[in-house]
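Printed here is start-v2.txt (compact mmCIF, C-alpha atoms):
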```txt
# COMPACT_ATOMS: atom_id res chain seq x y z
CA MET A 1 11.33 27.68 -20.90
CA SER A 2 11.91 26.94 -17.22
CA GLN A 3 15.29 25.75 -15.99
CA LEU A 4 15.14 22.56 -13.93
CA ALA A 5 17.86 21.70 -11.41
CA VAL A 6 18.42 19.60 -8.31
CA ARG A 7 20.65 19.84 -5.25
CA GLU A 8 21.02 18.32 -1.83
CA LEU A 9 18.78 19.41 1.03
CA THR A 10 19.98 22.44 3.03
CA VAL A 11 18.82 23.96 6.32
CA ALA A 12 16.93 26.62 4.33
CA ASP A 13 14.81 23.88 2.72
CA ILE A 14 13.53 22.41 5.97
CA LYS A 15 10.75 24.95 6.59
CA PRO A 16 9.20 24.73 3.09
CA LEU A 17 9.51 20.93 3.12
CA LEU A 18 7.72 20.78 6.47
CA ASN A 19 5.11 23.28 5.28
CA TYR A 20 4.35 20.95 2.37
CA TRP A 21 3.43 18.17 4.80
CA TYR A 22 1.72 20.22 7.51
CA THR A 23 -0.43 22.36 5.20
CA ALA A 24 -1.54 19.44 3.02
CA THR A 25 -5.21 18.63 3.13
CA PRO A 26 -6.25 15.23 4.42
CA GLU A 27 -7.70 14.55 0.94
CA TYR A 28 -4.39 15.29 -0.79
CA LEU A 29 -2.50 13.07 1.64
CA VAL A 30 -4.94 10.20 1.07
CA SER A 31 -4.56 10.65 -2.71
CA MET A 32 -0.89 9.79 -2.34
CA GLY A 33 -1.46 7.03 0.19
CA ALA A 34 -0.59 8.97 3.35
CA ASP A 35 -2.62 9.61 6.50
CA ILE A 36 -2.51 12.97 8.30
CA ASN A 37 -2.83 11.08 11.60
CA PHE A 38 0.54 9.42 10.99
CA LEU A 39 2.53 12.64 10.62
CA PRO A 40 5.05 12.99 13.45
CA LYS A 41 5.09 16.13 15.57
CA ARG A 42 6.54 18.94 13.47
CA LYS A 43 9.48 19.46 15.85
CA ASP A 44 10.36 15.76 15.60
CA PHE A 45 10.18 15.81 11.79
CA GLU A 46 12.36 18.95 11.78
CA ALA A 47 14.90 17.29 14.07
CA SER A 48 15.09 14.25 11.77
CA LEU A 49 15.74 16.49 8.74
CA LYS A 50 18.48 18.36 10.59
CA LYS A 51 20.03 15.06 11.64
CA GLN A 52 20.00 13.98 7.98
CA LEU A 53 22.15 17.01 7.14
CA GLU A 54 24.68 16.20 9.87
CA THR A 55 25.03 12.49 9.14
CA ASP A 56 27.71 11.05 6.85
CA TYR A 57 26.43 9.20 3.78
CA PRO A 58 27.17 5.65 5.01
CA LEU A 59 25.13 6.27 8.17
CA LYS A 60 22.16 8.18 6.72
CA GLN A 61 18.69 6.81 7.41
CA ALA A 62 17.20 9.28 4.92
CA TYR A 63 18.60 11.53 2.21
CA ALA A 64 16.78 14.26 0.27
CA ILE A 65 17.36 16.03 -3.01
CA ILE A 66 15.58 19.36 -3.58
CA TRP A 67 13.88 20.02 -6.91
CA LEU A 68 14.22 23.50 -8.39
CA ILE A 69 12.59 25.47 -11.17
CA ASP A 70 14.43 28.64 -12.14
CA GLY A 71 16.33 28.47 -8.84
CA GLU A 72 13.20 28.16 -6.67
CA ALA A 73 12.69 25.04 -4.54
CA ILE A 74 9.42 23.39 -5.61
CA GLY A 75 9.70 19.85 -4.26
CA HIS A 76 11.92 17.03 -3.19
CA CYS A 77 12.90 13.48 -3.89
CA ASN A 78 14.15 11.45 -0.98
CA VAL A 79 15.22 7.96 -0.09
CA ASN A 80 14.84 6.04 3.13
CA LYS A 81 15.13 2.40 4.16
CA ILE A 82 18.73 2.87 3.04
CA ASP A 83 20.93 -0.21 2.86
CA PHE A 84 24.19 1.62 2.10
CA GLY A 85 25.99 0.12 -0.88
CA ASN A 86 22.93 -1.87 -1.89
CA GLU A 87 19.44 -0.29 -2.17
CA ALA A 88 17.04 2.38 -0.90
CA HIS A 89 13.38 3.34 -1.28
CA MET A 90 12.60 6.58 -3.12
CA HIS A 91 9.72 9.05 -2.74
CA LEU A 92 8.66 11.95 -5.00
CA HIS A 93 6.94 15.18 -3.90
CA ILE A 94 6.10 18.41 -5.71
CA TRP A 95 5.16 20.95 -3.05
CA LYS A 96 3.21 23.39 -5.20
CA PRO A 97 -0.16 22.10 -6.43
CA ASP A 98 -0.09 24.26 -9.58
CA LEU A 99 3.18 22.60 -10.65
CA ARG A 100 1.96 19.02 -10.32
CA LYS A 101 1.08 16.95 -13.39
CA LYS A 102 3.05 19.26 -15.71
CA GLY A 103 5.42 16.59 -17.02
CA MET A 104 8.60 17.84 -15.34
CA GLY A 105 8.79 15.11 -12.69
CA ALA A 106 10.52 12.56 -14.91
CA GLU A 107 13.36 14.96 -15.70
CA LEU A 108 13.74 15.87 -12.02
CA VAL A 109 13.82 12.19 -11.07
CA LYS A 110 16.48 11.53 -13.73
CA MET A 111 18.54 14.37 -12.26
CA SER A 112 18.10 13.10 -8.67
CA VAL A 113 18.88 9.41 -9.13
CA PRO A 114 22.63 9.90 -9.75
CA TYR A 115 22.99 11.53 -6.31
CA PHE A 116 21.51 8.45 -4.67
CA PHE A 117 23.60 6.00 -6.67
CA LYS A 118 26.86 7.90 -6.16
CA ASN A 119 26.61 9.19 -2.59
CA LEU A 120 24.95 6.12 -1.09
CA GLU A 121 26.80 3.70 -3.40
CA LEU A 122 23.51 2.06 -4.33
CA LYS A 123 23.00 -0.72 -6.82
CA LYS A 124 19.20 -0.39 -6.90
CA ILE A 125 16.51 2.18 -6.15
CA ILE A 126 12.98 1.05 -5.39
CA CYS A 127 9.93 3.30 -5.58
CA GLU A 128 6.50 2.12 -4.46
CA PRO A 129 3.84 4.81 -5.00
CA TYR A 130 0.20 4.25 -4.20
CA SER A 131 -1.20 2.45 -7.25
CA LYS A 132 -4.14 4.89 -7.41
CA ASN A 133 -1.76 7.87 -7.58
CA ILE A 134 -1.31 8.01 -11.35
CA ALA A 135 1.23 10.88 -11.56
CA PRO A 136 4.23 9.22 -9.87
CA ASN A 137 3.56 5.96 -11.69
CA LYS A 138 3.69 7.75 -15.06
CA THR A 139 6.74 9.71 -13.91
CA LEU A 140 8.69 6.58 -12.97
CA ALA A 141 7.94 4.92 -16.31
CA LYS A 142 9.15 8.03 -18.17
CA ALA A 143 12.24 8.24 -15.95
CA GLY A 144 13.38 4.75 -16.95
CA PHE A 145 12.26 2.70 -13.95
CA THR A 146 10.98 -0.83 -14.58
CA PHE A 147 7.55 -1.84 -13.31
CA ILE A 148 7.83 -5.00 -11.19
CA LYS A 149 4.40 -5.65 -9.68
CA ASN A 150 1.41 -4.36 -7.72
CA TYR A 151 0.97 -5.67 -4.19
CA ILE A 152 -0.55 -4.79 -0.82
CA THR A 153 1.74 -3.29 1.85
CA THR A 154 2.16 -0.38 4.23
CA PRO A 155 5.03 1.35 2.42
CA GLY A 156 6.12 3.75 5.14
CA ALA A 157 5.47 5.36 8.51
CA LEU A 158 3.10 7.96 7.01
CA ASN A 159 1.10 5.45 4.98
CA PHE A 160 -1.96 3.29 5.43
CA GLU A 161 -2.09 -0.24 4.03
CA GLN A 162 -2.59 0.02 0.26
CA VAL A 163 -1.88 -1.45 -3.13
CA VAL A 164 1.44 -0.07 -4.33
CA SER A 165 3.14 -0.26 -7.69
CA ARG A 166 6.73 -1.43 -7.28
CA TRP A 167 9.24 0.19 -9.64
CA GLU A 168 13.00 -0.39 -9.71
CA VAL A 169 16.03 1.04 -11.42
CA PHE A 170 19.57 -0.34 -11.33
CA LYS A 171 22.84 1.50 -11.57
```

Serialized structure, structure tokens:
Amino acid sequence: MSQLAVRELTVADIKPLLNYWYTATPEYLVSMGADINFLPKRKDFEASLKKQLETDYPLKQAYAIIWLIDGEAIGHCNVNKIDFGNEAHMHLHIWKPDLRKKGMGAELVKMSVPYFFKNLELKKIICEPYSKNIAPNKTLAKAGFTFIKNYITTPGALNFEQVVSRWEVFK
């Protein structure tokens, strides 16, 4: 059986994380509610990830946890829209297509959430996946998040307007 683990983002994780985004097909991005045309220039995205590593927790604008299977990085869970001491918005990504929809996401989310609560002193984590993207919605339910509602929004800088499913979990 595979060993799951999580840890904070390191410099060594930046290249594979960027490769996930910049090698994704337009169809895959649309399936998760993102638009390839909204991706920032790779060097700008890289700079923002490096800045994340250098910024103290109370000042972070984004914060990522790397997902591992048997010591190998296979994805990440990150938060942005951080209101330190209050709430943040979470996102889930498995980089390797052959590892998606295998049922491990819920356990990885459960392992990641304590980092966000502790290090960012959060009271609530919100996750709003594209309602048509079934995998993260099932994952959040299994991970103990509460479904709040479906509604139309543009959830982030990489997204088009869409119906999202709002999920929340409290400390």

Could I get the residues of range 106-125 of chain A with an atom no further than 9 Å from an atom of range 60-82 of chain A, each paired with its nearest atom pair and that distance in Å to one decimal, using only C-alpha atoms, sorted by chain and residue number, as JSON lines?
```
{"residue": "A:Leu108", "atom": "CA", "partner": "A:Trp67", "partner_atom": "CA", "distance": 6.6}
{"residue": "A:Val109", "atom": "CA", "partner": "A:Cys77", "partner_atom": "CA", "distance": 7.4}
{"residue": "A:Ser112", "atom": "CA", "partner": "A:Ile65", "partner_atom": "CA", "distance": 6.4}
{"residue": "A:Val113", "atom": "CA", "partner": "A:Cys77", "partner_atom": "CA", "distance": 8.9}
{"residue": "A:Tyr115", "atom": "CA", "partner": "A:Ile65", "partner_atom": "CA", "distance": 7.9}
{"residue": "A:Phe116", "atom": "CA", "partner": "A:Val79", "partner_atom": "CA", "distance": 7.8}
{"residue": "A:Leu120", "atom": "CA", "partner": "A:Ile82", "partner_atom": "CA", "distance": 8.1}
{"residue": "A:Leu122", "atom": "CA", "partner": "A:Ile82", "partner_atom": "CA", "distance": 8.8}
{"residue": "A:Ile125", "atom": "CA", "partner": "A:Val79", "partner_atom": "CA", "distance": 8.5}
```

Can you list, as a list in words, every protein, DNA or RNA residue that comes within 7 Å of range 145-160 of chain A when you count only C-alpha atoms, leaving out same-chain residues fewer than 3 positions away?
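The contact residues come out as Gly33, Ala34, Asp35, Phe38, Leu39, Leu140, Ala141, Val163, Val164, Ser165, Arg166, Trp167, Glu168 and Val169 of chain A.
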
Shortest interatomic distance to Lys101 in chain A - which of A:Asn137, A:Thr23, A:Gln162, A:Asp56, counting only C-alpha atoms
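Among the listed residues, the smallest separation from Lys101 in chain A belongs to A:Asn137.
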
Between CA of Glu121 in chain A and CA of Gly144 in chain A, what is the distance, to one decimal in Å?
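Taking CA of Glu121 in chain A and CA of Gly144 in chain A, their separation equals 19.1 Å.
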
To one decimal in Å, tell me the separation between CA of Ala47 in chain A and CA of Pro16 in chain A.
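So the answer is 14.4 Å.
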
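Within 8 Å of Ala106 in chain A, once all atoms listed in the file are used and residues closer than 5 positions along the same chain are dropped, the contacting residues are Thr139, Leu140, Lys142 and Ala143 of chain A.
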
CA of Tyr130 in chain A to CA of Met104 in chain A, distance in Å rounded to a single decimal
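Between CA of Tyr130 in chain A and CA of Met104 in chain A the gap is 19.5 Å.
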
Could you give me, as an mmCIF file with C-alpha atoms, in the frame of the given file, the residues within 8 Å of Met32 in chain A, counting only C-alpha atoms and dropping anything in the same chain fewer than 2 positions from it?
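Listing of part_33.cif after writing:
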```
data_model
loop_
_atom_site.group_PDB
_atom_site.id
_atom_site.type_symbol
_atom_site.label_atom_id
_atom_site.label_comp_id
_atom_site.auth_asym_id
_atom_site.auth_seq_id
_atom_site.Cartn_x
_atom_site.Cartn_y
_atom_site.Cartn_z
ATOM 1 C CA TYR A 28 -4.390 15.290 -0.790
ATOM 2 C CA LEU A 29 -2.500 13.070 1.640
ATOM 3 C CA VAL A 30 -4.940 10.200 1.070
ATOM 4 C CA ALA A 34 -0.590 8.970 3.350
ATOM 5 C CA PRO A 129 3.840 4.810 -5.000
ATOM 6 C CA TYR A 130 0.200 4.250 -4.200
ATOM 7 C CA LYS A 132 -4.140 4.890 -7.410
ATOM 8 C CA ASN A 133 -1.760 7.870 -7.580
#
```

Distance criterion (only C-alpha atoms): nearest to Leu9 in chain A out of A:Gln52, A:His91, A:Glu161, A:Glu27:
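When distances to Leu9 in chain A are compared using only C-alpha atoms, the smallest one comes from A:Gln52.
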
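Compared by their closest atoms to Trp95 in chain A, and using all atoms listed in the file, the residues A:Asn19, A:Thr10, A:Ser2, A:Asn37 rank with A:Asn19 nearest.
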
Nearest candidate to Asp44 in chain A (options A:Val11, A:Arg100, A:Leu18, A:Pro114; using all atoms listed in the file)
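When distances to Asp44 in chain A are compared using all atoms listed in the file, the smallest one comes from A:Leu18.
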